[in-house]
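Quick notes on the structure that follows.
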Amino acid sequence: MLSITLKKTWNDFALDVSFDIPRGKITALFGPSGAGKSSILRLISGLEMAEDGFISNGNETWFDKAKGINLHPQQRSVGFVFQDYALFPHMTVEKNVAYGIKEKWRMKEIKDLISIAGLSGYERHYPAQLSGGQKQRVSLIRAIARKPDILLLDEPFSALDWQTRIQLQEDVKNIIKQFNVTTMYVTHDVSEVYKLANNVIVMESGREVKRGTPEEVFLGKRLSTRVQITGKVVGIEHDYIMASVTVMHADQFFKTLIDTEELKSLNLRVGDDVIVGVKSSDVILFKI
Amino acid sequence: MNFAAPLLLSLKLSSVTTVLLLVLGVPFAYWLVFTRFRWKFLVESVVALPLVLPPTVLGFYLLIVIGANSFIGQWYESIFNKPLAFSFQGLVLGSFLYSLPFAVQPIQTAFASVDKKLLEASWSLGRSNVYTFFRVILPLSRHGIITGCVLSFAHTLGEFGVILMIGGNIPGITRVASVAIYDEVQALNYGSANMYAAILLVFSFVILAAVYFVNRRFTRTL
């Protein structure tokens, strides 16, 4: 568990927070611009130093003002994904991903990582030759390649267009899940919190104002309301990570993604009768 | 008298000065960019002085500092058994100081223009300051380093006032091409002066054209 207590003042803005980040979970730092979300990530990673407080990762102390401990960013097991990617422009995708890997024998993992990010064939491309979504994927696997204890994402989707953002959110969720890395990310997008986060901390003017699961925080209670639709499985496509299942109800088709492992455990086949459960938080309303 | 000797001496002086400026100028420029020293502006002002000072002023004070009666001059002579002023080594020292801003400023500007996020990305990926310098800062600053080197080389090649003050006009030792031109004009040998001048003109033009060409190509590849 990552335990954090931080205090810092910048001119007329004061940050004062204290919370724990559960291991293996995705925690969103949610709030308006200027709430101090990105500053928290910078303080955790050691890119900035707090005036008071402490940061501990399990038994390891990264920062303790009282004891005069302040590890350099290099000494903290952190992967940082920047909003504007921060890819090295003079290095290829392959070299960017390999940058943080110090062990020579691990170099063979680079190809696998690039493949997981869906960038096979782009190994020799330079960042300037990639789209925004591809750059952010490179940035993510570059951070993960170091095998950090905690992954910090600073508004990773804000520089992307809507369509790319939706697609990338799904990809990022899968990649993080696959590597089971404790993740903390900054956002001011509610739908993004629902889509990615297990827990959310709401920030306002440098302070935590709410904490819990997305449902607890945004609806004030555990979500029980759900729509249930019965139907028949009419199509299954899967690779080694995810499966796409198409269900027909009356003359409507529903397509949903589940883990391939889950598909195997359900022993789902075409023709089976199923219930499709839809959480109200997953429903988006458009005025027509 | 050997016509090529002053030209070769100029090339030798420019090459030695440029190498020295590269070796010492790169870490110095790095320090200027990243130090929090509160009096940094004074150091920068001293480095930039040769840009505004008449070369004779720098030459005069250098002559005082390294002359045979000075502490440095006597110390040097006691070790190397020859004077520092009016020697090739003295010229290198003068050229180094005179061309310092031409080397340091482009390199400093290039270092400062590297996106700080890239340095932070490197640190957060577990890499040290030294590793970050060689893998990120240096490659992304190569246009500034090339510019600094070439400007230093070209500036040293065309140097006249400082050299005349601290080196005089000793054939084979301190008589560089720019001094040779002055000497030939004084002796009314306009033909020889013209040859030296034309060679320096063409050489300087080719060097500057090469810098602009390389920088343009570099900008395109990023």
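Chains: A, B, ... in order of the structure tokens. Residues: from 1 per chain. Ligands: from 1, in order shown.
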Non-local contacts of Ile110 in chain A (8 Å; only C-alpha atoms; under 4 positions in same chain excluded) as a PDB file with all heavy atoms, in the first residue's frame:
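Final file, selection-v9.pdb:
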```pdb
ATOM      1  N   GLU A  94      10.909   1.705 -30.281  1.00  0.00           N
ATOM      2  CA  GLU A  94      11.650   0.631 -29.606  1.00  0.00           C
ATOM      3  C   GLU A  94      12.596   1.207 -28.546  1.00  0.00           C
ATOM      4  O   GLU A  94      12.648   0.733 -27.413  1.00  0.00           O
ATOM      5  CB  GLU A  94      12.459  -0.087 -30.679  1.00  0.00           C
ATOM      6  CG  GLU A  94      12.808  -1.499 -30.389  1.00  0.00           C
ATOM      7  CD  GLU A  94      13.385  -2.128 -31.659  1.00  0.00           C
ATOM      8  OE1 GLU A  94      14.226  -1.495 -32.332  1.00  0.00           O
ATOM      9  OE2 GLU A  94      12.979  -3.232 -31.954  1.00  0.00           O
ATOM     10  N   VAL A  97      10.740   2.717 -25.542  1.00  0.00           N
ATOM     11  CA  VAL A  97      10.229   1.698 -24.620  1.00  0.00           C
ATOM     12  C   VAL A  97      11.369   1.081 -23.805  1.00  0.00           C
ATOM     13  O   VAL A  97      11.223   0.788 -22.613  1.00  0.00           O
ATOM     14  CB  VAL A  97       9.453   0.604 -25.396  1.00  0.00           C
ATOM     15  CG1 VAL A  97       9.006  -0.518 -24.466  1.00  0.00           C
ATOM     16  CG2 VAL A  97       8.234   1.212 -26.097  1.00  0.00           C
ATOM     17  N   ALA A  98      12.521   0.931 -24.459  1.00  0.00           N
ATOM     18  CA  ALA A  98      13.666   0.283 -23.784  1.00  0.00           C
ATOM     19  C   ALA A  98      14.393   1.220 -22.821  1.00  0.00           C
ATOM     20  O   ALA A  98      15.216   0.769 -22.025  1.00  0.00           O
ATOM     21  CB  ALA A  98      14.651  -0.220 -24.846  1.00  0.00           C
ATOM     22  N   ARG A 106      16.405  -8.356 -20.311  1.00  0.00           N
ATOM     23  CA  ARG A 106      14.974  -8.019 -20.430  1.00  0.00           C
ATOM     24  C   ARG A 106      14.625  -7.362 -21.771  1.00  0.00           C
ATOM     25  O   ARG A 106      13.453  -7.106 -22.055  1.00  0.00           O
ATOM     26  CB  ARG A 106      14.558  -7.102 -19.281  1.00  0.00           C
ATOM     27  CG  ARG A 106      14.424  -7.821 -17.938  1.00  0.00           C
ATOM     28  CD  ARG A 106      13.684  -6.955 -16.938  1.00  0.00           C
ATOM     29  NE  ARG A 106      12.399  -6.550 -17.429  1.00  0.00           N
ATOM     30  CZ  ARG A 106      11.863  -5.344 -17.210  1.00  0.00           C
ATOM     31  NH1 ARG A 106      12.533  -4.453 -16.497  1.00  0.00           N
ATOM     32  NH2 ARG A 106      10.684  -5.020 -17.685  1.00  0.00           N
ATOM     33  N   ILE A 114       5.476  -3.891 -27.070  1.00  0.00           N
ATOM     34  CA  ILE A 114       5.023  -3.126 -28.233  1.00  0.00           C
ATOM     35  C   ILE A 114       3.816  -3.816 -28.870  1.00  0.00           C
ATOM     36  O   ILE A 114       2.857  -3.165 -29.292  1.00  0.00           O
ATOM     37  CB  ILE A 114       6.187  -2.949 -29.243  1.00  0.00           C
ATOM     38  CG1 ILE A 114       7.236  -1.999 -28.650  1.00  0.00           C
ATOM     39  CG2 ILE A 114       5.682  -2.409 -30.583  1.00  0.00           C
ATOM     40  CD1 ILE A 114       8.508  -1.868 -29.457  1.00  0.00           C
ATOM     41  N   ALA A 145       7.300  -0.724 -18.671  1.00  0.00           N
ATOM     42  CA  ALA A 145       8.481  -1.550 -18.945  1.00  0.00           C
ATOM     43  C   ALA A 145       9.468  -1.544 -17.777  1.00  0.00           C
ATOM     44  O   ALA A 145      10.195  -2.497 -17.564  1.00  0.00           O
ATOM     45  CB  ALA A 145       9.190  -1.050 -20.205  1.00  0.00           C
TER      46      ALA A 145
END
```
- Would you kindly return, as a VMD selection string, each protein, DNA or RNA residue with an atom no farther than 10 Å from any atom of Glu44 in chain B, considering only C-alpha atoms and excluding same-chain residues fewer than 4 positions away? chain B and resid 29 32 39 to 40 48 to 49 101 104 to 105
- Query: Quick one: DSSP alpha helix (DSSP H) residues in range 118-147 of chain B, as an MDAnalysis selection string?
  - Reply: chainID B and resid 118:124 129:132 138:140 142:147
How would the residues just picked look written out with C-alpha atoms as a short mmCIF file (atom, residue, chain, number, x, y, z; two decimals), in the first residue's frame?
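Final output, result-v2.cif:
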```cif
data_model
loop_
_atom_site.label_atom_id
_atom_site.label_comp_id
_atom_site.auth_asym_id
_atom_site.auth_seq_id
_atom_site.Cartn_x
_atom_site.Cartn_y
_atom_site.Cartn_z
CA LEU B 118 11.82 14.96 -21.24
CA LEU B 119 14.31 15.27 -18.40
CA GLU B 120 11.58 14.44 -15.90
CA ALA B 121 10.54 11.46 -18.02
CA SER B 122 14.14 10.23 -17.98
CA TRP B 123 14.45 10.62 -14.19
CA SER B 124 11.10 8.93 -13.59
CA ASN B 129 21.50 12.97 -14.43
CA VAL B 130 24.65 11.82 -16.26
CA TYR B 131 22.73 9.23 -18.32
CA THR B 132 20.03 11.82 -19.05
CA LEU B 138 23.28 16.13 -25.69
CA PRO B 139 21.57 14.54 -28.75
CA LEU B 140 18.77 17.11 -28.65
CA ARG B 142 23.59 18.83 -31.21
CA HIS B 143 22.61 21.76 -33.44
CA GLY B 144 23.71 24.17 -30.67
CA ILE B 145 26.95 22.28 -30.14
CA ILE B 146 27.74 22.22 -33.86
CA THR B 147 26.93 25.93 -34.09
#
```
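You can rank A:Gln167, A:Ser45, A:Gln178, A:Gln129 by their closest distance to chain B using only C-alpha atoms, and at the top of that list sits A:Ser45.
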Dump as a PDB file with C-alpha atoms, in the first residue's frame the residues of chain A that approach chain B to within 6 Å, counting only C-alpha atoms.
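Result file follows (selection.pdb):
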```pdb
ATOM      1  CA  PRO A  73      12.793  10.274  -8.671  1.00  0.00           C
ATOM      2  CA  GLN A  74      15.265   7.656  -9.949  1.00  0.00           C
ATOM      3  CA  ALA A  86       7.060  13.308 -23.192  1.00  0.00           C
ATOM      4  CA  GLY A 100      14.060   2.574 -18.563  1.00  0.00           C
TER       5      GLY A 100
END
```
- State, in Å with one decimal place, the distance from CA of Arg165 in chain A to CA of Val209 in chain A. 27.2 Å
- Query: Which is closest to Gly94 in chain B among B:Leu42, B:Ile166, B:Leu8, B:Val214, if we use only C-alpha atoms?
  - Reply: B:Ile166
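Residues in contact with Phe3 in chain B at up to 12 Å, not including ones fewer than 4 positions away on its chain and judged by only C-alpha atoms, are Leu7, Leu8, Leu9, Pro171, Gly172, Arg175, Val176, Ala177, Ala180, Ile181, Glu184, Gly191, Ser192, Ala193, Met195, Tyr196 and Ile199 of chain B.
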File of the preceding selection, N, CA and C atoms, as a short mmCIF file (atom, residue, chain, number, x, y, z; two decimals), in the first residue's frame:
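As a result, result.cif now contains:
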```cif
data_model
loop_
_atom_site.label_atom_id
_atom_site.label_comp_id
_atom_site.auth_asym_id
_atom_site.auth_seq_id
_atom_site.Cartn_x
_atom_site.Cartn_y
_atom_site.Cartn_z
N LEU B 7 48.62 30.36 -42.69
CA LEU B 7 47.31 29.71 -42.83
C LEU B 7 47.24 28.44 -41.98
N LEU B 8 48.33 27.65 -42.04
CA LEU B 8 48.36 26.41 -41.25
C LEU B 8 48.34 26.72 -39.75
N LEU B 9 49.05 27.80 -39.37
CA LEU B 9 49.06 28.18 -37.96
C LEU B 9 47.66 28.62 -37.51
N PRO B 171 57.03 34.91 -37.05
CA PRO B 171 56.78 33.89 -38.08
C PRO B 171 56.90 32.48 -37.51
N GLY B 172 55.92 31.65 -37.85
CA GLY B 172 55.93 30.25 -37.43
C GLY B 172 55.44 30.02 -36.01
N ARG B 175 52.48 34.27 -36.03
CA ARG B 175 52.04 34.99 -37.23
C ARG B 175 50.94 34.20 -37.94
N VAL B 176 49.71 34.45 -37.51
CA VAL B 176 48.57 33.75 -38.12
C VAL B 176 48.12 34.49 -39.38
N ALA B 177 47.17 33.95 -40.12
CA ALA B 177 46.78 34.51 -41.42
C ALA B 177 46.29 35.95 -41.30
N ALA B 180 49.14 38.11 -40.89
CA ALA B 180 49.92 38.12 -42.13
C ALA B 180 49.33 39.11 -43.14
N ILE B 181 48.01 39.19 -43.20
CA ILE B 181 47.36 40.14 -44.12
C ILE B 181 47.78 41.56 -43.77
N GLU B 184 51.42 42.11 -44.73
CA GLU B 184 51.62 42.23 -46.18
C GLU B 184 51.14 43.60 -46.67
N GLY B 191 49.18 41.75 -53.39
CA GLY B 191 48.89 40.46 -54.01
C GLY B 191 48.81 39.36 -52.95
N SER B 192 49.83 39.29 -52.10
CA SER B 192 49.85 38.27 -51.03
C SER B 192 48.70 38.50 -50.06
N ALA B 193 48.50 39.79 -49.70
CA ALA B 193 47.41 40.11 -48.76
C ALA B 193 46.08 39.64 -49.32
N MET B 195 45.58 37.22 -51.44
CA MET B 195 45.50 35.75 -51.41
C MET B 195 45.06 35.26 -50.03
N TYR B 196 45.70 35.78 -48.99
CA TYR B 196 45.31 35.38 -47.62
C TYR B 196 43.84 35.74 -47.35
N ILE B 199 41.35 33.56 -49.27
CA ILE B 199 41.26 32.20 -48.70
C ILE B 199 40.42 32.23 -47.41
#
```
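When CA of Val270 in chain A is paired with CA of Val234 in chain A, their separation reads 5.3 Å.
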- Message: When you look at Lys232 in chain A with a cut-off of 12 Å (counting only C-alpha atoms), what residues show up, excluding the ones that are within fewer than 2 positions of it in the same chain? I need them as number ranges by chain.
- Response: A: 229-230, 234-236, 245-255, 268-276
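Of the listed residues A:Pro89, A:Gly68, A:Gly46, A:Gly277, the one whose atoms come nearest to Ala128 in chain A is A:Pro89, with distances taken using only C-alpha atoms.
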